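upload-v7.tsv, holding TSV, C-alpha atoms:
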chain	number	residue	atom	x	y	z
A	1	MET	CA	26.20	-3.33	-65.56
A	2	THR	CA	23.06	-4.21	-63.64
A	3	GLN	CA	23.73	-5.89	-60.31
A	4	PRO	CA	21.54	-8.86	-59.30
A	5	THR	CA	18.94	-8.02	-56.66
A	6	ASN	CA	18.58	-10.25	-53.61
A	7	THR	CA	15.08	-10.67	-52.21
A	8	ASP	CA	14.36	-10.33	-48.50
A	9	SER	CA	13.46	-13.98	-48.32
A	10	GLY	CA	16.78	-14.90	-49.81
A	11	GLN	CA	18.65	-12.85	-47.22
A	12	SER	CA	16.71	-14.00	-44.22
A	13	GLY	CA	15.73	-17.51	-45.12
A	14	GLY	CA	12.02	-16.80	-45.35
A	15	PHE	CA	9.26	-15.09	-43.43
A	16	LEU	CA	9.43	-17.55	-40.50
A	17	ALA	CA	13.09	-16.71	-40.00
A	18	GLU	CA	12.19	-13.00	-40.04
A	19	ILE	CA	9.69	-13.62	-37.25
A	20	LYS	CA	12.27	-15.50	-35.21
A	21	ASP	CA	14.74	-12.68	-35.71
A	22	ALA	CA	12.22	-9.95	-34.87
A	23	VAL	CA	10.64	-11.66	-31.83
A	24	THR	CA	13.21	-13.17	-29.51
A	25	THR	CA	12.43	-15.96	-27.09
A	26	ARG	CA	12.86	-13.50	-24.22
A	27	ALA	CA	10.38	-11.09	-25.79
A	28	ALA	CA	7.86	-13.88	-26.32
A	29	LEU	CA	8.14	-14.96	-22.68
A	30	LEU	CA	7.68	-11.37	-21.52
A	31	VAL	CA	4.53	-11.04	-23.65
A	32	LEU	CA	3.16	-14.24	-22.12
A	33	GLY	CA	3.95	-12.78	-18.71
A	34	VAL	CA	1.98	-9.64	-19.60
A	35	LEU	CA	-0.97	-11.81	-20.66
A	36	ALA	CA	-0.86	-13.67	-17.36
A	37	LEU	CA	-0.70	-10.35	-15.49
A	38	GLN	CA	-3.71	-9.05	-17.43
A	39	LEU	CA	-5.76	-12.15	-16.67
A	40	ALA	CA	-4.79	-11.94	-13.01
A	41	PHE	CA	-5.92	-8.29	-13.00
A	42	ILE	CA	-9.34	-9.20	-14.40
A	43	THR	CA	-9.75	-12.13	-12.03
A	44	SER	CA	-8.76	-10.13	-8.96
A	45	TYR	CA	-10.95	-7.09	-9.62
A	46	VAL	CA	-14.03	-9.01	-10.76
A	47	GLY	CA	-13.58	-11.54	-7.97
A	48	ALA	CA	-13.39	-8.83	-5.32
A	49	PHE	CA	-16.22	-6.61	-6.56
A	50	HIS	CA	-18.78	-8.81	-8.32
A	51	HIS	CA	-20.76	-9.78	-5.22
A	52	PRO	CA	-20.20	-7.59	-2.13
A	53	GLU	CA	-21.77	-9.15	0.95
A	54	PRO	CA	-21.59	-8.00	4.59
A	55	SER	CA	-19.67	-10.34	6.84
A	56	GLU	CA	-19.08	-9.83	10.57
A	57	ILE	CA	-19.31	-6.03	10.56
A	58	PRO	CA	-18.21	-4.89	14.04
A	59	ILE	CA	-21.09	-3.08	15.75
A	60	ALA	CA	-21.68	-1.95	19.32
A	61	VAL	CA	-25.06	-2.43	21.00
A	62	SER	CA	-26.19	-0.09	23.75
A	63	ALA	CA	-29.32	-0.06	25.92
A	64	PRO	CA	-30.25	1.45	29.32
A	65	ALA	CA	-30.14	-2.02	30.86
A	66	ARG	CA	-27.03	-4.16	30.38
A	67	ALA	CA	-29.16	-7.31	30.12
A	68	LEU	CA	-31.14	-5.82	27.23
A	69	SER	CA	-28.02	-4.83	25.29
A	70	GLU	CA	-26.51	-8.31	25.75
A	71	GLN	CA	-29.75	-9.97	24.69
A	72	SER	CA	-29.98	-7.76	21.58
A	73	ALA	CA	-26.34	-8.44	20.73
A	74	LYS	CA	-26.96	-12.20	20.87
A	75	LYS	CA	-29.93	-11.86	18.50
A	76	LEU	CA	-27.84	-9.88	16.01
A	77	ALA	CA	-25.00	-12.39	16.26
A	78	ALA	CA	-27.42	-15.20	15.38
A	79	LEU	CA	-28.48	-13.69	12.04
A	80	PRO	CA	-28.09	-16.07	9.06
A	81	GLY	CA	-24.74	-15.64	7.31
A	82	LYS	CA	-23.32	-13.69	10.28
A	83	PRO	CA	-23.41	-10.24	8.65
A	84	LEU	CA	-22.73	-8.57	12.03
A	85	ASP	CA	-20.20	-8.96	14.82
A	86	PRO	CA	-22.11	-7.29	17.70
A	87	ARG	CA	-20.76	-6.50	21.15
A	88	ALA	CA	-22.69	-5.11	24.10
A	89	VAL	CA	-21.38	-1.89	25.63
A	90	GLU	CA	-22.26	0.05	28.76
A	91	ASP	CA	-23.82	3.15	27.21
A	92	GLU	CA	-24.09	5.34	24.13
A	93	ALA	CA	-20.98	7.34	25.04
A	94	THR	CA	-18.91	4.13	25.06
A	95	ALA	CA	-20.37	3.10	21.71
A	96	LEU	CA	-19.58	6.49	20.19
A	97	LYS	CA	-16.02	6.34	21.53
A	98	GLN	CA	-15.50	2.92	19.95
A	99	ILE	CA	-16.69	4.23	16.59
A	100	ARG	CA	-14.32	7.19	16.72
A	101	ASN	CA	-11.44	4.90	17.77
A	102	ARG	CA	-12.31	2.65	14.79
A	103	ASP	CA	-12.92	-0.33	17.07
A	104	VAL	CA	-16.40	-0.77	15.55
A	105	ASP	CA	-18.07	0.46	12.35
A	106	GLY	CA	-21.39	1.39	13.91
A	107	ALA	CA	-23.57	1.24	17.01
A	108	LEU	CA	-27.20	0.40	17.67
A	109	VAL	CA	-28.67	2.50	20.49
A	110	ILE	CA	-31.86	0.86	21.74
A	111	ASP	CA	-34.73	2.85	23.26
A	112	PRO	CA	-36.98	0.40	25.17
A	113	ALA	CA	-39.43	3.19	26.01
A	114	GLY	CA	-40.34	3.73	22.34
A	115	LYS	CA	-40.48	2.04	18.95
A	116	THR	CA	-37.57	3.88	17.32
A	117	ASP	CA	-33.91	3.03	17.85
A	118	ARG	CA	-30.87	4.89	16.54
A	119	LEU	CA	-28.07	3.47	14.40
A	120	LEU	CA	-24.81	5.40	14.61
A	121	VAL	CA	-22.66	5.02	11.47
A	122	ALA	CA	-19.45	6.58	10.15
A	123	SER	CA	-19.53	7.12	6.39
A	124	GLY	CA	-15.99	8.49	6.59
A	125	GLY	CA	-14.88	4.87	6.97
A	126	GLY	CA	-16.67	3.93	3.74
A	127	ALA	CA	-20.10	4.93	2.49
A	128	SER	CA	-20.91	1.47	1.16
A	129	LEU	CA	-20.19	-0.04	4.58
A	130	SER	CA	-22.52	2.41	6.32
A	131	GLN	CA	-25.25	1.64	3.79
A	132	ALA	CA	-24.82	-2.11	4.23
A	133	LEU	CA	-24.99	-1.74	8.01
A	134	ALA	CA	-28.16	0.36	7.75
A	135	GLU	CA	-29.79	-2.22	5.47
A	136	VAL	CA	-29.02	-5.18	7.73
A	137	VAL	CA	-30.10	-3.47	10.93
A	138	GLY	CA	-33.15	-2.00	9.19
A	139	LEU	CA	-34.38	-5.46	8.20
A	140	VAL	CA	-33.94	-6.71	11.75
A	141	GLU	CA	-35.81	-3.75	13.20
A	142	THR	CA	-38.64	-4.16	10.70
A	143	ALA	CA	-39.00	-7.82	11.60
A	144	GLN	CA	-39.43	-6.75	15.24
A	145	GLU	CA	-41.96	-4.07	14.25
A	146	ARG	CA	-39.57	-1.30	15.16
A	147	THR	CA	-37.95	1.49	13.16
A	148	VAL	CA	-34.38	2.75	13.09
A	149	ARG	CA	-33.04	6.27	12.57
A	150	VAL	CA	-29.58	6.47	11.03
A	151	VAL	CA	-27.19	9.09	12.45
A	152	ASP	CA	-23.86	9.69	10.71
A	153	VAL	CA	-21.34	10.61	13.43
A	154	ALA	CA	-18.34	10.84	11.05
A	155	PRO	CA	-19.72	12.05	7.71
A	156	THR	CA	-17.59	12.46	4.61
A	157	ALA	CA	-16.60	15.90	3.35
A	158	LYS	CA	-18.73	17.52	0.63
A	159	GLY	CA	-15.96	17.00	-1.90
A	160	ASP	CA	-15.44	13.35	-0.98
A	161	ALA	CA	-18.08	11.46	-2.92
A	162	ARG	CA	-18.81	8.12	-1.22
A	163	GLY	CA	-15.58	8.38	0.75
A	164	LEU	CA	-13.40	7.32	-2.18
A	165	SER	CA	-10.98	10.25	-2.19
A	166	SER	CA	-8.71	8.57	0.37
A	167	PHE	CA	-8.52	5.45	-1.78
A	168	TYR	CA	-7.74	7.30	-4.99
A	169	LEU	CA	-5.14	9.46	-3.26
A	170	VAL	CA	-3.35	6.35	-2.02
A	171	VAL	CA	-3.63	4.68	-5.44
A	172	GLY	CA	-1.96	7.76	-6.95
A	173	TRP	CA	0.83	7.57	-4.39
A	174	CYS	CA	1.32	3.86	-5.12
A	175	VAL	CA	1.48	4.47	-8.87
A	176	GLY	CA	4.10	7.16	-8.32
A	177	GLY	CA	6.16	4.81	-6.17
A	178	TYR	CA	6.51	1.95	-8.63
A	179	LEU	CA	6.80	4.24	-11.67
A	180	CYS	CA	9.65	6.17	-10.04
A	181	ALA	CA	11.46	2.90	-9.33
A	182	ALA	CA	10.75	1.68	-12.86
A	183	ILE	CA	12.18	4.88	-14.39
A	184	LEU	CA	15.34	4.44	-12.34
A	185	ALA	CA	15.63	0.96	-13.82
A	186	ILE	CA	14.99	2.09	-17.39
A	187	SER	CA	17.52	4.91	-17.16
A	188	ALA	CA	20.34	3.04	-15.42
A	189	GLY	CA	19.60	-0.68	-15.48
A	190	ALA	CA	17.19	-2.77	-13.43
A	191	ARG	CA	19.88	-3.99	-11.05
A	192	PRO	CA	22.19	-1.40	-9.44
A	193	ALA	CA	25.87	-2.08	-10.22
A	194	ASN	CA	27.02	-1.76	-6.59
A	195	ILE	CA	25.82	-0.82	-3.13
A	196	HIS	CA	26.63	2.86	-3.69
A	197	ARG	CA	24.30	2.92	-6.69
A	198	ALA	CA	21.63	1.16	-4.61
A	199	VAL	CA	21.93	3.77	-1.85
A	200	ILE	CA	21.71	6.56	-4.44
A	201	ARG	CA	18.53	5.04	-5.89
A	202	LEU	CA	16.94	4.74	-2.47
A	203	GLY	CA	17.96	8.33	-1.71
A	204	ALA	CA	16.45	9.57	-4.97
A	205	LEU	CA	13.30	7.61	-4.20
A	206	LEU	CA	13.10	9.21	-0.74
A	207	VAL	CA	13.36	12.72	-2.18
A	208	TYR	CA	10.66	11.90	-4.72
A	209	SER	CA	8.47	10.39	-1.97
A	210	ILE	CA	8.67	13.52	0.17
A	211	ALA	CA	7.65	15.71	-2.77
A	212	ALA	CA	4.90	13.34	-3.94
A	213	GLY	CA	3.47	12.98	-0.43
A	214	LEU	CA	3.25	16.74	0.09
A	215	LEU	CA	1.80	17.56	-3.33
A	216	GLY	CA	-0.78	14.77	-3.11
A	217	ALA	CA	-1.92	15.93	0.33
A	218	VAL	CA	-2.18	19.55	-0.83
A	219	ILE	CA	-4.16	18.62	-3.95
A	220	ALA	CA	-6.61	16.37	-2.08
A	221	GLY	CA	-6.94	18.84	0.80
A	222	PRO	CA	-6.76	22.62	0.23
A	223	VAL	CA	-6.87	22.56	-3.58
A	224	LEU	CA	-9.84	20.24	-4.21
A	225	GLY	CA	-11.38	20.19	-0.74
A	226	ALA	CA	-11.82	16.42	-1.01
A	227	LEU	CA	-10.21	15.43	2.29
A	228	PRO	CA	-10.25	17.17	5.68
A	229	GLY	CA	-7.75	16.33	8.40
A	230	SER	CA	-4.12	17.15	9.05
A	231	ILE	CA	-2.06	18.11	6.00
A	232	MET	CA	1.08	17.14	7.89
A	233	GLY	CA	-0.44	13.78	8.73
A	234	LEU	CA	-1.39	13.08	5.12
A	235	TRP	CA	2.02	14.32	3.95
A	236	GLY	CA	3.80	11.87	6.25
A	237	LEU	CA	1.51	9.05	5.18
A	238	GLY	CA	2.00	9.83	1.50
A	239	THR	CA	5.78	9.89	1.89
A	240	LEU	CA	5.70	6.48	3.55
A	241	VAL	CA	3.32	4.96	0.97
A	242	VAL	CA	5.36	6.16	-2.01
A	243	PHE	CA	8.67	5.09	-0.49
A	244	ALA	CA	7.34	1.68	0.60
A	245	VAL	CA	5.96	0.86	-2.85
A	246	GLY	CA	9.06	2.22	-4.60
A	247	ALA	CA	11.42	0.32	-2.29
A	248	ILE	CA	9.65	-2.99	-2.82
A	249	THR	CA	9.73	-2.35	-6.59
A	250	LEU	CA	13.49	-1.75	-6.42
A	251	ALA	CA	13.80	-4.97	-4.42
A	252	PHE	CA	11.86	-6.96	-7.02
A	253	GLN	CA	14.06	-5.47	-9.74
A	254	GLY	CA	17.16	-6.43	-7.80
A	255	LEU	CA	15.89	-10.00	-7.58
A	256	ALA	CA	14.36	-10.44	-11.04
A	257	GLY	CA	15.58	-7.57	-13.24
A	258	VAL	CA	13.02	-5.88	-15.46
A	259	VAL	CA	10.52	-8.62	-14.62
A	260	GLY	CA	10.50	-7.16	-11.11
A	261	ILE	CA	8.38	-4.25	-12.37
A	262	GLY	CA	5.69	-6.75	-13.31
A	263	LEU	CA	5.96	-8.40	-9.89
A	264	ALA	CA	5.46	-5.02	-8.22
A	265	ILE	CA	2.37	-4.39	-10.35
A	266	LEU	CA	1.08	-7.84	-9.42
A	267	LEU	CA	1.47	-7.13	-5.72
A	268	VAL	CA	0.30	-3.51	-5.61
A	269	VAL	CA	-2.20	-3.21	-8.46
A	270	VAL	CA	-3.55	-6.70	-9.09
A	271	PHE	CA	-3.83	-7.82	-5.47
A	272	GLY	CA	-3.46	-4.58	-3.52
A	273	ASN	CA	-5.99	-2.22	-5.12
A	274	PRO	CA	-9.13	-4.42	-5.11
A	275	SER	CA	-8.41	-5.53	-1.53
A	276	ALA	CA	-7.67	-2.01	-0.25
A	277	GLY	CA	-11.17	-1.39	1.10
A	278	GLY	CA	-11.77	1.55	-1.22
A	279	ALA	CA	-15.02	0.92	-3.04
A	280	TYR	CA	-15.97	-1.84	-0.58
A	281	PRO	CA	-14.41	-1.84	2.91
A	282	TYR	CA	-13.07	-5.08	4.34
A	283	PRO	CA	-16.33	-6.45	5.86
A	284	LEU	CA	-17.91	-6.40	2.37
A	285	LEU	CA	-15.06	-8.18	0.54
A	286	PRO	CA	-14.74	-11.94	-0.11
A	287	PRO	CA	-12.53	-13.80	2.40
A	288	PHE	CA	-9.32	-13.86	0.32
A	289	TRP	CA	-9.29	-10.12	-0.40
A	290	LYS	CA	-10.47	-9.31	3.12
A	291	ALA	CA	-7.51	-11.28	4.51
A	292	ILE	CA	-4.73	-9.81	2.34
A	293	GLY	CA	-5.96	-6.20	2.15
A	294	PRO	CA	-4.68	-4.88	5.50
A	295	ALA	CA	-1.21	-6.39	4.85
A	296	LEU	CA	-0.62	-4.67	1.49
A	297	PRO	CA	0.38	-1.02	0.92
A	298	PRO	CA	-2.87	0.15	-0.78
A	299	GLY	CA	-5.03	-1.26	2.01
A	300	ALA	CA	-2.86	0.02	4.82
A	301	GLY	CA	-2.60	3.43	3.15
A	302	THR	CA	-6.34	3.75	2.51
A	303	TYR	CA	-7.27	2.82	6.07
A	304	ALA	CA	-4.72	5.26	7.49
A	305	ALA	CA	-5.82	8.08	5.17
A	306	ARG	CA	-9.44	7.70	6.27
A	307	SER	CA	-8.35	7.64	9.90
A	308	ILE	CA	-6.41	10.88	9.47
A	309	ALA	CA	-9.22	12.56	7.54
A	310	TYR	CA	-12.24	11.55	9.63
A	311	PHE	CA	-11.15	9.92	12.89
A	312	LYS	CA	-8.42	12.28	14.18
A	313	GLY	CA	-5.72	9.75	13.37
A	314	ASN	CA	-7.18	6.99	15.56
A	315	GLY	CA	-6.32	3.48	14.43
A	316	VAL	CA	-3.31	4.38	12.26
A	317	THR	CA	-0.67	2.48	14.25
A	318	GLY	CA	-1.24	-0.89	12.59
A	319	PRO	CA	-1.31	0.43	9.00
A	320	LEU	CA	1.78	2.57	9.60
A	321	LEU	CA	3.65	-0.48	10.90
A	322	VAL	CA	2.64	-2.41	7.77
A	323	LEU	CA	3.90	0.35	5.48
A	324	SER	CA	7.10	0.73	7.49
A	325	GLY	CA	7.66	-3.02	7.24
A	326	TRP	CA	7.40	-2.90	3.44
A	327	ALA	CA	9.74	0.11	3.31
A	328	VAL	CA	12.38	-1.58	5.48
A	329	LEU	CA	12.06	-4.93	3.69
A	330	GLY	CA	12.30	-3.34	0.25
A	331	SER	CA	15.34	-1.28	1.21
A	332	ALA	CA	17.10	-4.24	2.83
A	333	VAL	CA	16.54	-6.54	-0.15
A	334	THR	CA	17.66	-3.82	-2.58
A	335	LEU	CA	20.93	-3.33	-0.68
A	336	ALA	CA	21.45	-7.07	-0.24
A	337	CYS	CA	21.03	-7.70	-3.96
A	338	ALA	CA	23.61	-5.00	-4.72
A	339	VAL	CA	26.10	-6.49	-2.26
A	340	PHE	CA	25.58	-10.00	-3.64
A	341	ARG	CA	25.98	-8.80	-7.21
A	342	ARG	CA	29.14	-6.91	-6.31
A	343	GLY	CA	30.49	-10.06	-4.70
A	344	LYS	CA	29.82	-12.08	-7.85
A	345	SER	CA	31.53	-9.44	-10.00
A	346	GLY	CA	34.57	-9.47	-7.70
A	347	ALA	CA	34.75	-13.24	-7.85
A	348	ALA	CA	34.59	-13.16	-11.64
A	349	VAL	CA	37.46	-10.65	-11.82
A	350	GLY	CA	39.53	-12.61	-9.30
A	351	SER	CA	39.13	-15.80	-11.28
A	352	GLY	CA	40.26	-14.16	-14.50
A	353	LEU	CA	36.78	-14.31	-16.04
A	354	PRO	CA	35.52	-11.25	-17.87
A	355	ASP	CA	33.21	-9.09	-15.77
A	356	GLY	CA	29.69	-8.87	-17.15
A	357	PRO	CA	27.74	-5.73	-18.04
A	358	ASP	CA	26.31	-3.52	-15.31
A	359	ASP	CA	22.88	-5.00	-15.89
A	360	PRO	CA	22.35	-8.50	-17.32
A	361	ASP	CA	18.89	-7.44	-18.43
A	362	LEU	CA	20.46	-5.04	-20.91
A	363	SER	CA	22.86	-7.61	-22.37
A	364	ASP	CA	20.47	-8.72	-25.11
A	365	SER	CA	19.90	-5.20	-26.37
A	366	SER	CA	23.64	-4.41	-26.13
A	367	ALA	CA	24.50	-7.48	-28.15
A	368	THR	CA	21.90	-6.61	-30.75
A	369	ALA	CA	23.21	-3.07	-31.03
A	370	ALA	CA	26.77	-4.36	-31.41
A	371	GLY	CA	25.63	-6.73	-34.15
A	372	ARG	CA	24.17	-3.82	-36.07

Do you think you could lay out the structure here as structure tokens?
Amino acid sequence: MTQPTNTDSGQSGGFLAEIKDAVTTRAALLVLGVLALQLAFITSYVGAFHHPEPSEIPIAVSAPARALSEQSAKKLAALPGKPLDPRAVEDEATALKQIRNRDVDGALVIDPAGKTDRLLVASGGGASLSQALAEVVGLVETAQERTVRVVDVAPTAKGDARGLSSFYLVVGWCVGGYLCAAILAISAGARPANIHRAVIRLGALLVYSIAAGLLGAVIAGPVLGALPGSIMGLWGLGTLVVFAVGAITLAFQGLAGVVGIGLAILLVVVFGNPSAGGAYPYPLLPPFWKAIGPALPPGAGTYAARSIAYFKGNGVTGPLLVLSGWAVLGSAVTLACAVFRRGKSGAAVGSGLPDGPDDPDLSDSSATAAGR
């Protein structure tokens, strides 16, 4: 005997009901979050890069007579739009020392006996910054019927086109940091079940960071010849960058579950990368990105990597403190979230309430699987 056949619409109550069953409210909200993240990405990158303009570039001014150097510095400081932040120094040796210590980005050495002055730049700190400095000073010299000869006192390596290798190395380390933390969440739940699990995750992240820092430094240095400088220095920096980004990602996951991965991407990729001073160093960025860049891991890492590669490690103290701060903060929040969650679980058991799953973020999928 032929059995009656039920249509899909009869079983599900129509196509609209199928959509509601296939796309949960949580999934829809996550998709909207992804859209917001995408729009923020576009806004941040286009906003940072669409109109680079020099603003208060630190530059030393040297002349045989102190009065002449101070007078020249005042003229440069009075330029429309304040593209330069000049400061008079005693002599050329002092100016060169300030460049190598990363106190200034260039130096104008004035020769009152002739018509040609020298501009000392350091393309290792960013080729676009050196070019912008040469253009601004060149226009000033031309207006005074003088010429300027550009001398690069910290040139980039042959394999480091436009000084971007440091930036891309740090971006790679950052990507590894938040992806490692994300994989730990996918494999065992976004929120660690207890403090022991949190410590294990941080330990696994540290081991990964040490390996990633070393391999990145070796690839950028001896393998590709893109970055000179201390391999040990770059290794230590890479370890700190990866661990800092991974720890803050774990912290976000402890606070917000799977959504924390998106928050980490927002901080590191959406805001951190365009403000890192890679393609355009800080004096060329708009005010917002110029202000936040040094305080975020990509910016601190890029500045430190360039210092290690081209300035003998000068100027790395501030960036290393920033990265260490993120590492400590991320680790502390991760552990605190685990302790708090353990306390809630203990309270639930003590009150006779059923203890929840290890990770609330997985409860929806667990319930769906049980229903099937």

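Close contacts of region 272-278 of chain A, defined as residues with an atom at most 8 Å away when counting all atoms listed in the file, with chain neighbours fewer than 3 positions off set aside, comprise A:Ser44, A:Tyr45, A:Ala48, A:Phe49, A:Gly126, A:Leu164, A:Ser166, A:Phe167, A:Tyr168, A:Val171, A:Leu267, A:Val268, A:Val269, A:Pro281, A:Tyr282, A:Leu285, A:Trp289, A:Lys290, A:Ile292, A:Gly293, A:Pro294, A:Leu296, A:Pro297, A:Pro298, A:Gly299, A:Ala300, A:Thr302, A:Tyr303.
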
| request: For CA of Phe252 (chain A) and CA of Thr239 (chain A), quote the distance in Å rounded to one decimal. | output: 20.0 Å

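Atom pair CA of Pro64 (chain A) / CA of Gln144 (chain A): separated by 18.7 Å.
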
| query | Between A:Leu321, A:Ile57, A:Val104, A:Ala264, which has the minimum distance to Gly81 (chain A) (counting only C-alpha atoms)? | reply | A:Ile57

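If you count all atoms listed in the file and draw a sphere of 8 Å around (-12.6, 17.5, 4.0), the protein and nucleic acid residues inside it come out as A:Thr156, A:Ala157, A:Lys158, A:Gly159, A:Asp160, A:Gly221, A:Gly225, A:Ala226, A:Leu227, A:Pro228, A:Gly229, A:Ala309.
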
| Skipping near chain neighbours, those fewer than 6 positions away, what residues fall within 6 Å of Leu284 (chain A) using only C-alpha atoms, listed as an MDAnalysis selection string? | chainID A and resid 52:54

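Shortest separation to Ile42 (chain A) among A:Val270, A:Ala78, A:Leu255, A:Val316 occurs at residue A:Val270, atoms counted being all atoms listed in the file.
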
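Within 8 Å of region 333-339 of chain A, once only C-alpha atoms are used and residues closer than 5 positions along the same chain are dropped, the contacting residues are A:Arg191, A:Pro192, A:Ala193, A:Asn194, A:Ile195, A:Ala198, A:Val199, A:Ala247, A:Leu250, A:Ala251, A:Phe252, A:Gly254, A:Leu255.
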
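Proximity to Pro86 (chain A) was assessed for A:Leu39, A:Ala204, A:Val137, A:Val46 counting only C-alpha atoms; the smallest distance is recorded for A:Val137.
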
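The coordinates place CA of Ala332 (chain A) at 11.6 Å from CA of Ala244 (chain A).
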
| field | All residues 7 Å or closer to Gly315 (chain A), all atoms listed in the file, same chain fewer than 6 positions away omitted, as JSON, numbers by chain | value | {"A": [101, 102, 307]}

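Shortest atom-to-atom contact with Cys174 (chain A) among A:Thr249, A:Gln131, A:Ser230, A:Thr116: A:Thr249, counting only C-alpha atoms.
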
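Closest approach to Gly124 (chain A) among A:Val23, A:Val153, A:Leu184, A:Val322: A:Val153, based on only C-alpha atoms.
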
Please output region 122-135 of chain A, rebuilt to include N, CA and C atoms, as a CSV table (one decimal), in the frame of the given file.
chain,number,residue,atom,x,y,z
A,122,ALA,N,-20.5,5.7,10.5
A,122,ALA,CA,-19.4,6.6,10.2
A,122,ALA,C,-19.1,6.4,8.7
A,123,SER,N,-19.7,7.3,7.8
A,123,SER,CA,-19.5,7.1,6.4
A,123,SER,C,-18.1,7.5,6.0
A,124,GLY,N,-17.4,8.2,6.9
A,124,GLY,CA,-16.0,8.5,6.6
A,124,GLY,C,-15.1,7.2,6.5
A,125,GLY,N,-15.6,6.1,7.1
A,125,GLY,CA,-14.9,4.9,7.0
A,125,GLY,C,-15.3,4.1,5.8
A,126,GLY,N,-16.2,4.6,4.9
A,126,GLY,CA,-16.7,3.9,3.7
A,126,GLY,C,-18.2,4.0,3.6
A,127,ALA,N,-18.7,4.7,2.6
A,127,ALA,CA,-20.1,4.9,2.5
A,127,ALA,C,-20.8,3.6,2.2
A,128,SER,N,-20.2,2.7,1.5
A,128,SER,CA,-20.9,1.5,1.2
A,128,SER,C,-21.1,0.6,2.4
A,129,LEU,N,-20.1,0.7,3.3
A,129,LEU,CA,-20.2,0.0,4.6
A,129,LEU,C,-21.3,0.5,5.5
A,130,SER,N,-21.4,1.8,5.5
A,130,SER,CA,-22.5,2.4,6.3
A,130,SER,C,-23.9,2.0,5.8
A,131,GLN,N,-24.0,2.0,4.4
A,131,GLN,CA,-25.2,1.6,3.8
A,131,GLN,C,-25.6,0.2,4.1
A,132,ALA,N,-24.6,-0.7,4.0
A,132,ALA,CA,-24.8,-2.1,4.2
A,132,ALA,C,-25.3,-2.3,5.7
A,133,LEU,N,-24.6,-1.6,6.6
A,133,LEU,CA,-25.0,-1.7,8.0
A,133,LEU,C,-26.4,-1.3,8.2
A,134,ALA,N,-26.8,-0.2,7.6
A,134,ALA,CA,-28.2,0.4,7.8
A,134,ALA,C,-29.2,-0.6,7.2
A,135,GLU,N,-28.9,-1.3,6.1
A,135,GLU,CA,-29.8,-2.2,5.5
A,135,GLU,C,-30.0,-3.4,6.4
